[in-house]
$ cat upload-v2.cif   # mmCIF, C-alpha atoms
data_target
loop_
_atom_site.group_PDB
_atom_site.id
_atom_site.type_symbol
_atom_site.label_atom_id
_atom_site.label_comp_id
_atom_site.auth_asym_id
_atom_site.auth_seq_id
_atom_site.Cartn_x
_atom_site.Cartn_y
_atom_site.Cartn_z
ATOM 1 C CA MET A 10 -0.762 11.104 -71.106
ATOM 2 C CA ASN A 11 -2.195 9.253 -68.110
ATOM 3 C CA LYS A 12 -3.003 6.257 -70.311
ATOM 4 C CA THR A 13 0.616 6.171 -71.524
ATOM 5 C CA LEU A 14 1.975 6.270 -67.983
ATOM 6 C CA ILE A 15 -0.390 3.495 -66.903
ATOM 7 C CA THR A 16 0.669 1.369 -69.883
ATOM 8 C CA LEU A 17 4.359 1.885 -69.065
ATOM 9 C CA ALA A 18 3.756 1.017 -65.417
ATOM 10 C CA VAL A 19 1.897 -2.163 -66.363
ATOM 11 C CA LEU A 20 4.671 -3.195 -68.774
ATOM 12 C CA ALA A 21 7.298 -2.566 -66.100
ATOM 13 C CA ALA A 22 5.344 -4.613 -63.559
ATOM 14 C CA VAL A 23 4.889 -7.477 -66.041
ATOM 15 C CA GLY A 24 8.599 -7.370 -66.892
ATOM 16 C CA ALA A 25 9.603 -7.438 -63.218
ATOM 17 C CA ALA A 26 7.213 -10.295 -62.507
ATOM 18 C CA SER A 27 8.484 -12.272 -65.502
ATOM 19 C CA GLY A 28 12.066 -11.734 -64.364
ATOM 20 C CA ALA A 29 11.223 -12.897 -60.855
ATOM 21 C CA VAL A 30 9.615 -16.063 -62.260
ATOM 22 C CA LEU A 31 12.698 -16.798 -64.383
ATOM 23 C CA LEU A 32 15.004 -16.313 -61.395
ATOM 24 C CA TYR A 33 12.889 -18.516 -59.130
ATOM 25 C CA ALA A 34 12.631 -21.224 -61.780
ATOM 26 C CA GLY A 35 16.414 -21.343 -62.125
ATOM 27 C CA ALA A 36 16.167 -20.538 -65.816
ATOM 28 C CA ILE A 37 19.415 -18.550 -65.766
ATOM 29 C CA ASN A 38 22.328 -20.947 -66.134
ATOM 30 C CA VAL A 39 25.239 -19.807 -63.936
ATOM 31 C CA ALA A 40 27.542 -22.666 -64.976
ATOM 32 C CA ALA A 41 31.052 -21.553 -65.945
ATOM 33 C CA ASP A 42 30.982 -23.860 -68.983
ATOM 34 C CA GLU A 43 27.899 -22.101 -70.406
ATOM 35 C CA PRO A 44 28.961 -18.701 -71.876
ATOM 36 C CA HIS A 45 26.822 -15.581 -71.586
ATOM 37 C CA HIS A 46 24.760 -14.432 -74.525
ATOM 38 C CA PRO A 47 27.060 -12.104 -76.571
ATOM 39 C CA LEU A 48 24.915 -9.062 -75.695
ATOM 40 C CA THR A 49 25.043 -9.913 -71.980
ATOM 41 C CA TYR A 50 28.823 -10.341 -72.187
ATOM 42 C CA ARG A 51 29.271 -6.977 -73.918
ATOM 43 C CA LEU A 52 27.125 -5.203 -71.332
ATOM 44 C CA LEU A 53 29.068 -6.758 -68.455
ATOM 45 C CA GLU A 54 32.368 -5.945 -70.165
ATOM 46 C CA PHE A 55 31.326 -2.323 -70.652
ATOM 47 C CA ALA A 56 30.194 -2.020 -67.032
ATOM 48 C CA ARG A 57 33.468 -3.540 -65.806
ATOM 49 C CA GLU A 58 35.702 -1.273 -67.865
ATOM 50 C CA ARG A 59 33.772 1.889 -66.956
ATOM 51 C CA SER A 60 33.874 0.941 -63.268
ATOM 52 C CA ILE A 61 37.639 0.388 -63.369
ATOM 53 C CA ALA A 62 38.271 3.523 -65.436
ATOM 54 C CA VAL A 63 36.435 5.745 -62.963
ATOM 55 C CA ARG A 64 38.154 4.264 -59.911
ATOM 56 C CA ALA A 65 41.653 4.048 -61.384
ATOM 57 C CA SER A 66 41.633 7.510 -62.931
ATOM 58 C CA GLU A 67 43.271 9.180 -59.909
ATOM 59 C CA ILE A 68 45.998 6.557 -59.405
ATOM 60 C CA LYS A 69 49.485 7.828 -60.239
ATOM 61 C CA PRO A 70 52.015 5.081 -61.091
ATOM 62 C CA PRO A 71 55.498 5.398 -59.541
ATOM 63 C CA VAL A 72 58.166 6.810 -61.839
ATOM 64 C CA ASP A 73 60.517 3.864 -61.221
ATOM 65 C CA LEU A 74 58.463 1.017 -62.706
ATOM 66 C CA THR A 75 61.341 0.230 -65.067
ATOM 67 C CA ASN A 76 63.668 -0.354 -62.096
ATOM 68 C CA PRO A 77 65.149 -3.874 -62.539
ATOM 69 C CA GLU A 78 64.763 -4.519 -58.796
ATOM 70 C CA ARG A 79 61.029 -3.919 -58.993
ATOM 71 C CA VAL A 80 60.774 -6.185 -62.031
ATOM 72 C CA ARG A 81 62.831 -8.906 -60.315
ATOM 73 C CA ARG A 82 60.736 -8.848 -57.143
ATOM 74 C CA GLY A 83 57.497 -8.786 -59.126
ATOM 75 C CA SER A 84 58.525 -11.823 -61.175
ATOM 76 C CA GLY A 85 58.618 -14.089 -58.133
ATOM 77 C CA ASN A 86 55.157 -13.088 -56.973
ATOM 78 C CA TYR A 87 53.757 -13.413 -60.497
ATOM 79 C CA ASP A 88 55.115 -16.944 -60.829
ATOM 80 C CA ALA A 89 53.614 -17.979 -57.490
ATOM 81 C CA MET A 90 50.314 -16.103 -57.595
ATOM 82 C CA CYS A 91 49.323 -15.360 -61.190
ATOM 83 C CA VAL A 92 50.885 -17.772 -63.661
ATOM 84 C CA GLY A 93 48.219 -20.476 -63.280
ATOM 85 C CA CYS A 94 45.554 -18.184 -64.739
ATOM 86 C CA HIS A 95 47.531 -15.674 -66.804
ATOM 87 C CA LEU A 96 50.333 -17.990 -68.027
ATOM 88 C CA SER A 97 54.060 -17.653 -68.594
ATOM 89 C CA PRO A 98 55.764 -17.177 -71.982
ATOM 90 C CA GLU A 99 55.168 -20.064 -74.402
ATOM 91 C CA ALA A 100 53.040 -21.941 -71.828
ATOM 92 C CA GLU A 101 49.903 -23.868 -72.759
ATOM 93 C CA ASP A 102 46.564 -23.276 -71.067
ATOM 94 C CA SER A 103 46.480 -24.469 -67.469
ATOM 95 C CA GLU A 104 43.674 -26.652 -66.111
ATOM 96 C CA ILE A 105 42.280 -23.824 -63.985
ATOM 97 C CA ARG A 106 42.388 -21.342 -66.858
ATOM 98 C CA LYS A 107 40.445 -23.698 -69.106
ATOM 99 C CA GLY A 108 37.681 -23.898 -66.507
ATOM 100 C CA LEU A 109 37.319 -20.194 -65.724
ATOM 101 C CA TYR A 110 34.686 -17.964 -67.300
ATOM 102 C CA PRO A 111 35.329 -15.313 -68.346
ATOM 103 C CA THR A 112 38.712 -16.636 -69.464
ATOM 104 C CA PRO A 113 41.564 -14.687 -67.798
ATOM 105 C CA PRO A 114 43.632 -12.600 -70.228
ATOM 106 C CA LYS A 115 47.006 -13.894 -71.377
ATOM 107 C CA LEU A 116 49.320 -11.314 -69.863
ATOM 108 C CA THR A 117 52.224 -12.642 -71.950
ATOM 109 C CA LEU A 118 50.648 -11.000 -75.001
ATOM 110 C CA LYS A 119 51.423 -7.410 -75.905
ATOM 111 C CA PRO A 120 48.685 -5.074 -74.612
ATOM 112 C CA GLU A 121 46.463 -3.176 -76.990
ATOM 113 C CA ALA A 122 47.966 0.164 -78.000
ATOM 114 C CA ALA A 123 44.615 1.909 -77.432
ATOM 115 C CA LEU A 124 45.239 2.381 -73.710
ATOM 116 C CA ASP A 125 47.412 5.199 -72.439
ATOM 117 C CA PRO A 126 50.472 3.499 -70.855
ATOM 118 C CA GLN A 127 50.106 5.283 -67.505
ATOM 119 C CA PHE A 128 46.416 4.491 -67.308
ATOM 120 C CA ALA A 129 47.148 0.861 -68.256
ATOM 121 C CA GLN A 130 49.532 0.666 -65.282
ATOM 122 C CA ALA A 131 47.003 2.295 -62.943
ATOM 123 C CA ARG A 132 44.337 -0.102 -64.237
ATOM 124 C CA GLN A 133 46.545 -3.122 -63.523
ATOM 125 C CA PHE A 134 47.291 -1.823 -60.023
ATOM 126 C CA TRP A 135 43.601 -1.323 -59.253
ATOM 127 C CA ILE A 136 42.614 -4.764 -60.543
ATOM 128 C CA ILE A 137 45.377 -6.559 -58.600
ATOM 129 C CA LYS A 138 44.567 -4.650 -55.422
ATOM 130 C CA HIS A 139 40.770 -4.801 -55.515
ATOM 131 C CA GLY A 140 39.986 -7.813 -57.723
ATOM 132 C CA ILE A 141 36.871 -8.192 -59.896
ATOM 133 C CA LYS A 142 33.618 -9.683 -58.662
ATOM 134 C CA ALA A 143 32.417 -13.009 -60.104
ATOM 135 C CA SER A 144 35.470 -13.389 -62.335
ATOM 136 C CA GLY A 145 37.929 -15.437 -60.280
ATOM 137 C CA MET A 146 40.245 -12.411 -59.957
ATOM 138 C CA PRO A 147 40.974 -11.977 -56.226
ATOM 139 C CA ALA A 148 41.609 -8.748 -54.339
ATOM 140 C CA TRP A 149 45.217 -9.491 -53.391
ATOM 141 C CA SER A 150 45.287 -6.643 -50.874
ATOM 142 C CA LYS A 151 42.796 -8.622 -48.744
ATOM 143 C CA GLY A 152 45.364 -11.394 -48.539
ATOM 144 C CA GLY A 153 47.998 -9.011 -47.212
ATOM 145 C CA MET A 154 49.736 -7.741 -50.339
ATOM 146 C CA GLU A 155 50.876 -4.160 -49.739
ATOM 147 C CA ASP A 156 50.870 -1.432 -52.388
ATOM 148 C CA GLU A 157 54.629 -1.520 -53.010
ATOM 149 C CA ALA A 158 54.520 -5.248 -53.787
ATOM 150 C CA ILE A 159 51.563 -4.658 -56.101
ATOM 151 C CA TRP A 160 53.527 -1.975 -57.956
ATOM 152 C CA ASP A 161 56.441 -4.449 -58.238
ATOM 153 C CA LEU A 162 54.015 -6.841 -59.895
ATOM 154 C CA VAL A 163 52.809 -4.090 -62.246
ATOM 155 C CA ALA A 164 56.460 -3.336 -63.088
ATOM 156 C CA PHE A 165 56.984 -6.978 -64.027
ATOM 157 C CA LEU A 166 53.842 -6.987 -66.184
ATOM 158 C CA GLN A 167 55.360 -4.230 -68.331
ATOM 159 C CA ARG A 168 58.268 -6.566 -69.139
ATOM 160 C CA LEU A 169 56.381 -9.842 -69.391
ATOM 161 C CA PRO A 170 55.152 -9.627 -73.032
ATOM 162 C CA GLY A 171 58.728 -9.311 -74.320
ATOM 163 C CA LEU A 172 60.181 -12.259 -72.388
ATOM 164 C CA THR A 173 61.052 -15.673 -73.785
ATOM 165 C CA ALA A 174 60.457 -18.785 -71.695
ATOM 166 C CA ALA A 175 64.167 -18.877 -70.829
ATOM 167 C CA ASP A 176 64.186 -15.176 -69.873
ATOM 168 C CA TYR A 177 61.170 -15.734 -67.652
ATOM 169 C CA THR A 178 62.686 -18.743 -65.884
ATOM 170 C CA ALA A 179 65.953 -16.913 -65.223
ATOM 171 C CA LEU A 180 64.176 -13.834 -63.891
ATOM 172 C CA VAL A 181 62.001 -15.856 -61.515
ATOM 173 C CA ALA A 182 65.060 -17.800 -60.316
ATOM 174 C CA SER A 183 66.771 -14.496 -59.457
ATOM 175 C CA SER A 184 63.821 -13.298 -57.360
ATOM 176 C CA GLU A 185 62.955 -13.965 -53.731
ATOM 177 C CA GLY A 186 60.073 -16.097 -54.959
ATOM 178 C CA HIS A 187 56.673 -15.511 -53.395
ATOM 179 C CA SER A 188 57.552 -12.740 -50.985
ATOM 180 C CA HIS A 189 55.527 -9.814 -49.710
ATOM 181 C CA GLY A 190 54.487 -8.255 -46.440
ATOM 182 C CA GLY A 191 51.591 -6.022 -45.621
ATOM 183 C CA LEU A 192 49.534 -8.244 -43.333
ATOM 184 C CA ASP A 193 48.107 -5.888 -40.730
ATOM 185 C CA ALA A 194 49.345 -6.172 -37.197
ATOM 186 C CA HIS A 195 46.592 -7.129 -34.802
ATOM 187 C CA GLU A 196 46.029 -7.100 -31.091
ATOM 188 C CA ALA A 197 45.774 -10.340 -29.138
ATOM 189 C CA HIS A 198 44.397 -9.841 -25.644
ATOM 190 C CA GLU A 199 45.438 -12.038 -22.730
ATOM 191 C CA ASP A 200 42.919 -13.460 -20.280
ATOM 192 C CA HIS A 201 42.530 -10.809 -17.586
ATOM 193 C CA SER A 202 39.607 -12.403 -15.733
ATOM 194 C CA ASP A 203 41.550 -12.457 -12.433
ATOM 195 C CA HIS A 204 42.678 -8.841 -12.671
ATOM 196 C CA ALA A 205 41.064 -6.103 -10.661
ATOM 197 C CA LYS A 206 38.443 -4.163 -12.578
ATOM 198 C CA ASP A 207 40.307 -0.881 -12.207
ATOM 199 C CA GLU A 208 43.634 -2.343 -13.388
ATOM 200 C CA PRO A 209 44.538 -1.199 -16.930
ATOM 201 C CA VAL A 210 44.619 -3.957 -19.521
ATOM 202 C CA SER A 211 47.486 -3.815 -22.025
ATOM 203 C CA PRO A 212 47.011 -5.478 -25.376
ATOM 204 C CA VAL A 213 49.726 -7.733 -26.752
ATOM 205 C CA VAL A 214 50.608 -6.612 -30.248
ATOM 206 C CA VAL A 215 51.436 -9.467 -32.613
ATOM 207 C CA GLU A 216 53.192 -8.361 -35.774
ATOM 208 C CA LYS A 217 52.619 -10.329 -38.964
ATOM 209 C CA LYS A 218 55.410 -9.955 -41.462
ATOM 210 C CA GLY A 219 53.849 -11.498 -44.524
ATOM 211 C CA HIS A 220 55.258 -14.697 -45.930
ATOM 212 C CA THR A 221 57.938 -15.956 -48.248
ATOM 213 C CA HIS A 222 58.305 -18.954 -50.540
ATOM 214 C CA PRO A 223 61.331 -19.799 -52.712
ATOM 215 C CA PRO A 224 61.516 -19.033 -56.460
ATOM 216 C CA GLY A 225 59.374 -21.387 -58.496
ATOM 217 C CA PHE A 226 57.048 -22.135 -55.565
ATOM 218 C CA LYS A 227 53.602 -23.309 -56.588
ATOM 219 C CA HIS A 228 50.451 -23.762 -54.513
ATOM 220 C CA THR A 229 49.267 -27.300 -55.260
ATOM 221 C CA HIS A 230 46.005 -29.159 -54.855
#
$ encode --input "upload-v2.cif" --output "structure tokens"
Amino acid sequence: MNKTLITLAVLAAVGAASGAVLLYAGAINVAADEPHHPLTYRLLEFARERSIAVRASEIKPPVDLTNPERVRRGSGNYDAMCVGCHLSPEAEDSEIRKGLYPTPPKLTLKPEAALDPQFAQARQFWIIKHGIKASGMPAWSKGGMEDEAIWDLVAFLQRLPGLTAADYTALVASSEGHSHGGLDAHEAHEDHSDHAKDEPVSPVVVEKKGHTHPPGFKHTH
């Protein structure tokens, strides 16, 4: 028994040392144009989906996701924030999408029927809000997107697979464009160096109201 334990410990130590040598030598290629080994990809995919499933399991989607107003508002934000990676109906691959690995999903395609619809909505909400590490998917909540605007975007995603290019263009044109609030108010303190030490200092509250761009707005580079 002791000999078995010693053998396992030695093998573990050799494995760890070999891994450290590979890491130090730069043997692992992190280039986005060099795909993972299929087994590595499957393991990462499994870990990602289990992580999302656990964290999104308690999220309850609003009952009004079919509300046309939600869909309309979500369309403008999708066109400004998401279309470059996830595409619009009938659009070809964008330059950024071609260079990303893993490749972002085409959200214009009908989702797989395997997922429960409510969980699929909760999953989309969680991903948009929190993002996914090392994938290019940002946590939009960190940029100031509040939950209601994220749910508007989820509402639009339910409609997106059934839209034609003309439907999509008309819907975006009817929206407020890139428009959401949610940036936290913060306190900006004045210079009180000349004030007496016992005099109360009042912070100046500066409210940030988010930002708005017209329909069809695109961030360029």
$ resolve_selection --input "upload-v2.cif" --expression "the PyMOL selection byres ((chain A and resi 115) around 9)" --output "ChimeraX atom specification"
/A:94-97,112-114,116-118
$ residues_near_point --input "upload-v2.cif" --point "(65.2, -5.4, -61.8)" --cutoff "10 Å" --atoms "all atoms listed in the file" --output "count of residues only"
17
$ residues_around --input "upload-v2.cif" --residues "Ala65 of chain A" --least-positions-apart "4" --cutoff "7 Å" --atoms "all atoms listed in the file" --output "list in words"
Ile61, Ala131, Arg132 and Trp135 of chain A
$ closest_atom_pairs --input "upload-v2.cif" --of "segment 124-201 of chain A" --to "segment 42-53 of chain A" --cutoff "12 Å" --atoms "only C-alpha atoms" --output "JSON lines"
{"residue": "A:Ile141", "atom": "CA", "partner": "A:Leu53", "partner_atom": "CA", "distance": 11.7}
{"residue": "A:Lys142", "atom": "CA", "partner": "A:Leu53", "partner_atom": "CA", "distance": 11.2}
{"residue": "A:Ala143", "atom": "CA", "partner": "A:Leu53", "partner_atom": "CA", "distance": 11.0}
{"residue": "A:Ser144", "atom": "CA", "partner": "A:Leu53", "partner_atom": "CA", "distance": 11.1}
$ atom_distance --input "upload-v2.cif" --atom1 "atom CA of Tyr33 of chain A" --atom2 "atom CA of Leu20 of chain A"
19.9 Å
$ residues_around --input "upload-v2.cif" --residues "Glu104 of chain A" --least-positions-apart "4" --cutoff "10 Å" --atoms "all atoms listed in the file" --output "number ranges by chain"
A: 93-94, 108-109
$ axis_aligned_box --input "upload-v2.cif" --around "segment 81-100 of chain A" --padding-each-side "6 Å" --output "AutoDock Vina command-line options"
--center_x 54.2 --center_y -15.4 --center_z -65.7 --size_x 29.3 --size_y 25.2 --size_z 29.4
$ closest_residue --input "upload-v2.cif" --among "A:Leu14, A:Ala179, A:Leu124, A:Ala36" --to "Glu58 of chain A" --atoms "all atoms listed in the file"
A:Leu124
